[in-house]
Amino acid sequence: MYVAVKGGEKAIDNAHRLMAEERRGDPGTPPLSLDQIAGQLGLAVDRVMTEGSVYDRELAALAVKQAQGDLIEAIFLVRAYRTTLPRFGASEPIDTAGMAIRRRISAAFKDLPGGQMLGPTYDYTHRLLDFGLADGAAPEPAAVGAAPVERDIPRVAEVLGHEGLIEREEPGDGAAPGDLTRQPLAYPAGRDLRLQNLARGDEGFLLALAYSGQRGYGNTHPFAGEIRMGEVAVELVPEELGFPVEIGEITVTECQMINQFKGSKTQPPQFTRGYGLSFGRAERKAMAMALVDRALRCAELGEEPVSPAQDQEFVLSHSDNVEASGFVQHLKLPHYVDFQSELELIRRLRAREAAGPPGGDGTGTREAAE
Amino acid sequence: MTSSDIAARRRWMGVLAKARPPEIDEAWSALGAPSGYVHLRRPETGLAMVRGRMGGDGAAFNVGEMTVTRCSVRLADGAVGHAYVAGRDASHAERAAVIDALLQDEERRASIEALVIAPLERAQAERRDMASRKAAATRVDFFTMIRGET
């Protein structure tokens, strides 16, 4: 247990000044601008927006700078900042079918209506360090196609869903979804709350869980049905207007995983779906989220929950890196009183052991266990 | 308001919200830096919870929030304008609200449309077209090979 301590103000103040100096680095080099971070470290910014759970490139770039590139610290800064702002309302659900597509691929369907666009990707690179970048070489300009990508390209499940071979989503009853920033999570959590939790969850944690599922901890056989990235409009209904207005566009990455499903008593054999959605170009995160979403649907699909990725209490209560980091890192704070009492307990136990068993009736052993 | 009025207002409010800050500054100058309005609500930054749908087309869920700045103004002639603009730019929201108020007057509307809204919308369409054509240049056709084929 952490007990409040006094003192150390001067040392803490000086430690923060030292940290600020270290963060600045060599004063002979130019300081980083937020535009540089947002523009050239864009995927770091995307991760901070996704897990910080606030879409604002400039804020996320500032957080990355302030945290010296420690993304979990940056996510914490964004989460703290959001608590200072009022909530104006919730958007209309974004329409990813209307996305201005910059990347769209499918590993399951070769000839997808609308086609596949690789977009900006590290896929198919050789992962060789590019020393040209170290010298600040300008890139070759991107190729420009003769015509744009078609508008309103349907999502893969809509293309193939009508045969009934892929599960359809229920449209929902229009009720407001649960919001875990407003009320604490209770178990079992509905899919709305699970998806919200996963959307802001730690990429590394979800990646490891998704990987565990692929390796056999949970019986999944997934295909990346469709991954798409691009801009979607966000619409809000201001109370003074009563109709939706577009407040801007955001970049999102969406992943539709398709899993083999042998069927149950109530459902025929078909492909089932897992869903991932992230801010920006957090593609690995969206894929991991989709796999974990599918794993957590085990109860609904009549599957025996046997592995960690299928255990919603385990997954949802450990996915948040701000909470996890706080609880792990609080061990650094002074625990002197706590430690002192445990030290005394150990001394007492050892003294009793050295004095020998009291009368051989076993009570000494029981007391120690207590 | 009729449904076509609503559609027209939704369009220009969306165009104003998506404009880049230097473009809003330009539009503001083109309109002669309007004055003589009062704030019904000073520019205020807050959050909107962005919702998505399960599987893209299912029931709604909360994805995460985004910053948004809003502002409401009233002109001397009584016209009221509102703005809800993604981000934290107070000046952008205020100017968008004033332009929304100016557009309420049907006599002024055609000239503001030609001077501000149409050029902004064109610039947005051009940016979208360029991004889309760059994506189109990465269109890929994969061919499935028979095992052993090279």
# chains A, B, ... in the order shown; residues from 1 in each chain; ligands from 1
call {"tool": "closest_atom_pairs", "arguments": {"of": "chain A", "to": "chain B", "cutoff": "6 Å", "atoms": "only C-alpha atoms", "output": "JSON lines"}}
result
{"residue": "A:Ser53", "atom": "CA", "partner": "B:Gly64", "partner_atom": "CA", "distance": 4.7}
{"residue": "A:Val54", "atom": "CA", "partner": "B:Glu65", "partner_atom": "CA", "distance": 4.6}
{"residue": "A:Tyr55", "atom": "CA", "partner": "B:Met66", "partner_atom": "CA", "distance": 4.3}
{"residue": "A:Leu85", "atom": "CA", "partner": "B:Gly46", "partner_atom": "CA", "distance": 5.0}
{"residue": "A:Pro86", "atom": "CA", "partner": "B:Gly46", "partner_atom": "CA", "distance": 4.9}
{"residue": "A:Arg87", "atom": "CA", "partner": "B:Leu47", "partner_atom": "CA", "distance": 4.7}
{"residue": "A:Phe88", "atom": "CA", "partner": "B:Ala48", "partner_atom": "CA", "distance": 5.6}
{"residue": "A:Gly89", "atom": "CA", "partner": "B:Ala48", "partner_atom": "CA", "distance": 5.2}
{"residue": "A:Ala90", "atom": "CA", "partner": "B:Met49", "partner_atom": "CA", "distance": 4.4}
{"residue": "A:Ser91", "atom": "CA", "partner": "B:Val50", "partner_atom": "CA", "distance": 5.1}
{"residue": "A:Pro93", "atom": "CA", "partner": "B:Arg51", "partner_atom": "CA", "distance": 4.5}
{"residue": "A:Ile94", "atom": "CA", "partner": "B:Gly52", "partner_atom": "CA", "distance": 5.2}
{"residue": "A:Arg102", "atom": "CA", "partner": "B:Ala135", "partner_atom": "CA", "distance": 5.0}
{"residue": "A:Gln116", "atom": "CA", "partner": "B:Arg139", "partner_atom": "CA", "distance": 5.5}
{"residue": "A:Met117", "atom": "CA", "partner": "B:Arg139", "partner_atom": "CA", "distance": 4.1}
{"residue": "A:Leu118", "atom": "CA", "partner": "B:Thr138", "partner_atom": "CA", "distance": 5.3}
{"residue": "A:Gly119", "atom": "CA", "partner": "B:Ala135", "partner_atom": "CA", "distance": 5.1}
{"residue": "A:Ala143", "atom": "CA", "partner": "B:Lys134", "partner_atom": "CA", "distance": 5.9}
{"residue": "A:Val144", "atom": "CA", "partner": "B:Lys134", "partner_atom": "CA", "distance": 4.5}
{"residue": "A:Gly145", "atom": "CA", "partner": "B:Ala137", "partner_atom": "CA", "distance": 4.4}
{"residue": "A:Ala147", "atom": "CA", "partner": "B:Arg133", "partner_atom": "CA", "distance": 5.7}
{"residue": "A:Pro148", "atom": "CA", "partner": "B:Arg133", "partner_atom": "CA", "distance": 4.2}
{"residue": "A:Val149", "atom": "CA", "partner": "B:Ala136", "partner_atom": "CA", "distance": 5.3}
{"residue": "A:Glu169", "atom": "CA", "partner": "B:Gly58", "partner_atom": "CA", "distance": 4.7}
{"residue": "A:Glu170", "atom": "CA", "partner": "B:Gly58", "partner_atom": "CA", "distance": 5.2}
{"residue": "A:Pro171", "atom": "CA", "partner": "B:Gly58", "partner_atom": "CA", "distance": 4.3}
{"residue": "A:Gly172", "atom": "CA", "partner": "B:Ala59", "partner_atom": "CA", "distance": 4.2}
{"residue": "A:Pro177", "atom": "CA", "partner": "B:Phe61", "partner_atom": "CA", "distance": 5.3}
{"residue": "A:Asp192", "atom": "CA", "partner": "B:Phe61", "partner_atom": "CA", "distance": 4.8}
{"residue": "A:Gln196", "atom": "CA", "partner": "B:Val63", "partner_atom": "CA", "distance": 5.4}
{"residue": "A:Val245", "atom": "CA", "partner": "B:Arg10", "partner_atom": "CA", "distance": 5.4}
{"residue": "A:Glu246", "atom": "CA", "partner": "B:Gly14", "partner_atom": "CA", "distance": 4.6}
{"residue": "A:Ile247", "atom": "CA", "partner": "B:Val85", "partner_atom": "CA", "distance": 4.8}
{"residue": "A:Gly248", "atom": "CA", "partner": "B:Lys18", "partner_atom": "CA", "distance": 5.1}
{"residue": "A:Tyr275", "atom": "CA", "partner": "B:Gly55", "partner_atom": "CA", "distance": 5.3}
call {"tool": "write_last_selection", "arguments": {"atoms": "C-alpha atoms", "output": "mmCIF file, in the first residue's frame"}}
result
data_model
loop_
_atom_site.group_PDB
_atom_site.id
_atom_site.type_symbol
_atom_site.label_atom_id
_atom_site.label_comp_id
_atom_site.auth_asym_id
_atom_site.auth_seq_id
_atom_site.Cartn_x
_atom_site.Cartn_y
_atom_site.Cartn_z
ATOM 1 C CA SER A 53 -8.833 7.648 -27.435
ATOM 2 C CA VAL A 54 -8.860 11.234 -28.738
ATOM 3 C CA TYR A 55 -8.569 12.050 -32.440
ATOM 4 C CA LEU A 85 -12.848 18.942 -21.837
ATOM 5 C CA PRO A 86 -16.665 18.891 -21.881
ATOM 6 C CA ARG A 87 -18.448 16.319 -24.046
ATOM 7 C CA PHE A 88 -20.663 17.960 -26.686
ATOM 8 C CA GLY A 89 -22.320 14.739 -27.761
ATOM 9 C CA ALA A 90 -21.846 11.603 -29.810
ATOM 10 C CA SER A 91 -21.447 11.407 -33.570
ATOM 11 C CA PRO A 93 -22.113 6.158 -36.546
ATOM 12 C CA ILE A 94 -19.406 6.626 -39.182
ATOM 13 C CA ARG A 102 -6.564 5.037 -49.748
ATOM 14 C CA GLN A 116 -7.543 -3.947 -54.205
ATOM 15 C CA MET A 117 -5.339 -0.917 -53.626
ATOM 16 C CA LEU A 118 -2.137 -1.438 -51.661
ATOM 17 C CA GLY A 119 -1.913 2.247 -50.707
ATOM 18 C CA ALA A 143 2.603 7.690 -58.928
ATOM 19 C CA VAL A 144 -0.757 9.227 -59.803
ATOM 20 C CA GLY A 145 -3.423 7.100 -61.450
ATOM 21 C CA ALA A 147 -8.703 7.958 -62.527
ATOM 22 C CA PRO A 148 -9.606 7.968 -58.824
ATOM 23 C CA VAL A 149 -10.757 4.900 -56.894
ATOM 24 C CA GLU A 169 -24.527 -8.174 -38.463
ATOM 25 C CA GLU A 170 -27.724 -7.325 -36.611
ATOM 26 C CA PRO A 171 -28.424 -3.620 -37.135
ATOM 27 C CA GLY A 172 -29.189 -3.060 -33.439
ATOM 28 C CA PRO A 177 -24.227 1.994 -26.871
ATOM 29 C CA ASP A 192 -20.419 -2.683 -27.684
ATOM 30 C CA GLN A 196 -14.792 0.183 -27.064
ATOM 31 C CA VAL A 245 -23.759 18.435 -39.760
ATOM 32 C CA GLU A 246 -20.326 17.278 -40.842
ATOM 33 C CA ILE A 247 -17.680 18.485 -38.379
ATOM 34 C CA GLY A 248 -14.742 17.095 -40.340
ATOM 35 C CA TYR A 275 -14.200 -6.485 -36.268
#
call {"tool": "select_by_dssp", "arguments": {"residues": "chain B", "states": "alpha helix (DSSP H)", "output": "number ranges by chain"}}
result
B: 3-18, 21-30, 90-102, 106-112, 118-136
call {"tool": "residues_around", "arguments": {"residues": "B:Glu113", "least_positions_apart": "5", "cutoff": "9 Å", "atoms": "only C-alpha atoms", "output": "VMD selection string"}}
result
chain B and resid 12 103 108 118 to 119
call {"tool": "residues_around", "arguments": {"residues": "A:Arg297", "least_positions_apart": "2", "cutoff": "12 Å", "atoms": "only C-alpha atoms", "output": "MDAnalysis selection string"}}
result
chainID A and resid 188:192 194:195 218 220 259 261 272:275 290:295 299:305 309:312
call {"tool": "atom_distance", "arguments": {"atom1": "atom CA of B:Val38", "atom2": "atom CA of A:Glu235"}}
result
26.3 Å
call {"tool": "residues_around", "arguments": {"residues": "B:Met1", "least_positions_apart": "6", "cutoff": "12 Å", "atoms": "only C-alpha atoms", "output": "list in words"}}
result
Leu241, Gly242 and Phe243 of chain A; Ala7, Ala8, Arg9 and Gln104 of chain B
call {"tool": "residues_around", "arguments": {"residues": "A:Gln68", "least_positions_apart": "3", "cutoff": "7 Å", "atoms": "only C-alpha atoms", "output": "list in words"}}
result
Arg23, Val64 and Lys65 of chain A
call {"tool": "write_last_selection", "arguments": {"atoms": "N, CA and C atoms", "output": "JSON list (two decimals), in the first residue's frame"}}
result
[["chain", "number", "residue", "atom", "x", "y", "z"],
["A", 23, "ARG", "N", 15.22, 16.00, -22.45],
["A", 23, "ARG", "CA", 14.24, 15.89, -23.53],
["A", 23, "ARG", "C", 14.63, 16.78, -24.71],
["A", 64, "VAL", "N", 3.60, 13.16, -27.95],
["A", 64, "VAL", "CA", 4.77, 12.38, -28.35],
["A", 64, "VAL", "C", 6.05, 13.16, -28.03],
["A", 65, "LYS", "N", 6.02, 14.47, -28.32],
["A", 65, "LYS", "CA", 7.19, 15.30, -28.04],
["A", 65, "LYS", "C", 7.45, 15.39, -26.54]]
call {"tool": "atom_distance", "arguments": {"atom1": "atom CA of A:Val48", "atom2": "atom CA of A:Ala107"}}
result
27.7 Å
call {"tool": "atom_distance", "arguments": {"atom1": "atom CA of B:Arg20", "atom2": "atom CA of A:Leu43"}}
result
21.8 Å
call {"tool": "select_by_dssp", "arguments": {"residues": "stretch 23-114 of chain B", "states": "strand (DSSP E or B)", "output": "PyMOL selection string"}}
result
chain B and resi 37-53+60-75+80-86
call {"tool": "write_last_selection", "arguments": {"atoms": "C-alpha atoms", "output": "mmCIF file, in the first residue's frame"}}
result
data_model
loop_
_atom_site.group_PDB
_atom_site.id
_atom_site.type_symbol
_atom_site.label_atom_id
_atom_site.label_comp_id
_atom_site.auth_asym_id
_atom_site.auth_seq_id
_atom_site.Cartn_x
_atom_site.Cartn_y
_atom_site.Cartn_z
ATOM 1 C CA TYR B 37 -21.804 40.358 -34.748
ATOM 2 C CA VAL B 38 -22.249 39.246 -31.188
ATOM 3 C CA HIS B 39 -21.391 35.908 -29.661
ATOM 4 C CA LEU B 40 -24.297 33.783 -28.565
ATOM 5 C CA ARG B 41 -21.672 31.240 -27.575
ATOM 6 C CA ARG B 42 -17.979 32.086 -27.567
ATOM 7 C CA PRO B 43 -15.725 29.523 -29.252
ATOM 8 C CA GLU B 44 -15.536 26.530 -26.949
ATOM 9 C CA THR B 45 -13.505 23.336 -27.389
ATOM 10 C CA GLY B 46 -14.867 20.004 -26.257
ATOM 11 C CA LEU B 47 -15.146 16.384 -27.322
ATOM 12 C CA ALA B 48 -17.458 14.409 -29.556
ATOM 13 C CA MET B 49 -17.650 10.666 -29.026
ATOM 14 C CA VAL B 50 -17.117 9.032 -32.411
ATOM 15 C CA ARG B 51 -19.375 6.042 -32.978
ATOM 16 C CA GLY B 52 -18.798 3.168 -35.322
ATOM 17 C CA ARG B 53 -20.807 0.074 -36.183
ATOM 18 C CA ALA B 60 -23.342 1.121 -32.838
ATOM 19 C CA PHE B 61 -20.400 1.210 -30.426
ATOM 20 C CA ASN B 62 -18.174 4.000 -29.117
ATOM 21 C CA VAL B 63 -14.783 4.072 -30.846
ATOM 22 C CA GLY B 64 -13.130 7.042 -29.139
ATOM 23 C CA GLU B 65 -13.462 10.789 -28.919
ATOM 24 C CA MET B 66 -12.301 13.660 -31.119
ATOM 25 C CA THR B 67 -11.796 17.324 -30.353
ATOM 26 C CA VAL B 68 -14.369 19.745 -31.730
ATOM 27 C CA THR B 69 -14.784 23.504 -31.344
ATOM 28 C CA ARG B 70 -18.170 25.178 -31.545
ATOM 29 C CA CYS B 71 -19.316 28.769 -31.774
ATOM 30 C CA SER B 72 -22.614 30.622 -32.264
ATOM 31 C CA VAL B 73 -23.051 34.225 -33.376
ATOM 32 C CA ARG B 74 -25.842 36.695 -34.193
ATOM 33 C CA LEU B 75 -25.508 39.392 -36.852
ATOM 34 C CA VAL B 80 -27.882 33.396 -36.278
ATOM 35 C CA GLY B 81 -24.962 31.217 -37.347
ATOM 36 C CA HIS B 82 -23.473 28.078 -35.812
ATOM 37 C CA ALA B 83 -20.279 26.146 -36.337
ATOM 38 C CA TYR B 84 -19.006 22.761 -35.149
ATOM 39 C CA VAL B 85 -15.466 22.266 -36.402
ATOM 40 C CA ALA B 86 -13.134 19.323 -35.737
#
call {"tool": "decode", "arguments": {"residues": "stretch 309-330 of chain A", "atoms": "N, CA and C atoms", "output": "compact mmCIF listing (two decimals), in the first residue's frame"}}
result
# COMPACT_ATOMS: atom_id res chain seq x y z
N ALA A 309 -7.43 -15.57 -24.54
CA ALA A 309 -8.03 -14.59 -25.45
C ALA A 309 -9.56 -14.68 -25.46
N GLN A 310 -10.11 -15.79 -24.94
CA GLN A 310 -11.57 -15.95 -24.92
C GLN A 310 -12.17 -15.54 -23.58
N ASP A 311 -11.29 -15.19 -22.62
CA ASP A 311 -11.74 -14.89 -21.26
C ASP A 311 -11.92 -13.37 -21.14
N GLN A 312 -13.16 -12.91 -21.26
CA GLN A 312 -13.36 -11.46 -21.38
C GLN A 312 -12.93 -10.70 -20.14
N GLU A 313 -13.09 -11.30 -18.97
CA GLU A 313 -12.67 -10.57 -17.78
C GLU A 313 -11.15 -10.39 -17.77
N PHE A 314 -10.46 -11.45 -18.18
CA PHE A 314 -8.99 -11.37 -18.27
C PHE A 314 -8.56 -10.34 -19.31
N VAL A 315 -9.18 -10.39 -20.49
CA VAL A 315 -8.77 -9.51 -21.60
C VAL A 315 -9.12 -8.06 -21.29
N LEU A 316 -10.39 -7.83 -20.96
CA LEU A 316 -10.86 -6.45 -20.86
C LEU A 316 -10.28 -5.72 -19.64
N SER A 317 -9.99 -6.47 -18.58
CA SER A 317 -9.49 -5.77 -17.40
C SER A 317 -7.97 -5.59 -17.42
N HIS A 318 -7.31 -6.12 -18.45
CA HIS A 318 -5.85 -5.92 -18.53
C HIS A 318 -5.40 -5.26 -19.83
N SER A 319 -6.35 -4.79 -20.63
CA SER A 319 -6.00 -4.27 -21.95
C SER A 319 -5.55 -2.81 -21.93
N ASP A 320 -5.90 -2.10 -20.86
CA ASP A 320 -5.66 -0.66 -20.86
C ASP A 320 -4.25 -0.35 -20.37
N ASN A 321 -3.42 0.22 -21.25
CA ASN A 321 -2.02 0.41 -20.84
C ASN A 321 -1.83 1.57 -19.86
N VAL A 322 -2.80 2.47 -19.77
CA VAL A 322 -2.68 3.54 -18.78
C VAL A 322 -2.92 2.95 -17.38
N GLU A 323 -3.94 2.11 -17.26
CA GLU A 323 -4.20 1.45 -15.97
C GLU A 323 -3.06 0.51 -15.61
N ALA A 324 -2.63 -0.29 -16.59
CA ALA A 324 -1.58 -1.28 -16.33
C ALA A 324 -0.28 -0.59 -15.93
N SER A 325 0.06 0.45 -16.68
CA SER A 325 1.29 1.17 -16.41
C SER A 325 1.23 1.83 -15.04
N GLY A 326 0.06 2.37 -14.71
CA GLY A 326 -0.10 3.02 -13.40
C GLY A 326 0.11 2.04 -12.27
N PHE A 327 -0.47 0.85 -12.41
CA PHE A 327 -0.40 -0.08 -11.28
C PHE A 327 0.99 -0.70 -11.16
N VAL A 328 1.59 -1.00 -12.29
CA VAL A 328 2.96 -1.54 -12.24
C VAL A 328 3.93 -0.45 -11.75
N GLN A 329 3.79 0.74 -12.29
CA GLN A 329 4.78 1.77 -11.98
C GLN A 329 4.59 2.42 -10.61
N HIS A 330 3.41 2.22 -10.01
CA HIS A 330 3.24 2.81 -8.68
C HIS A 330 4.15 2.12 -7.67
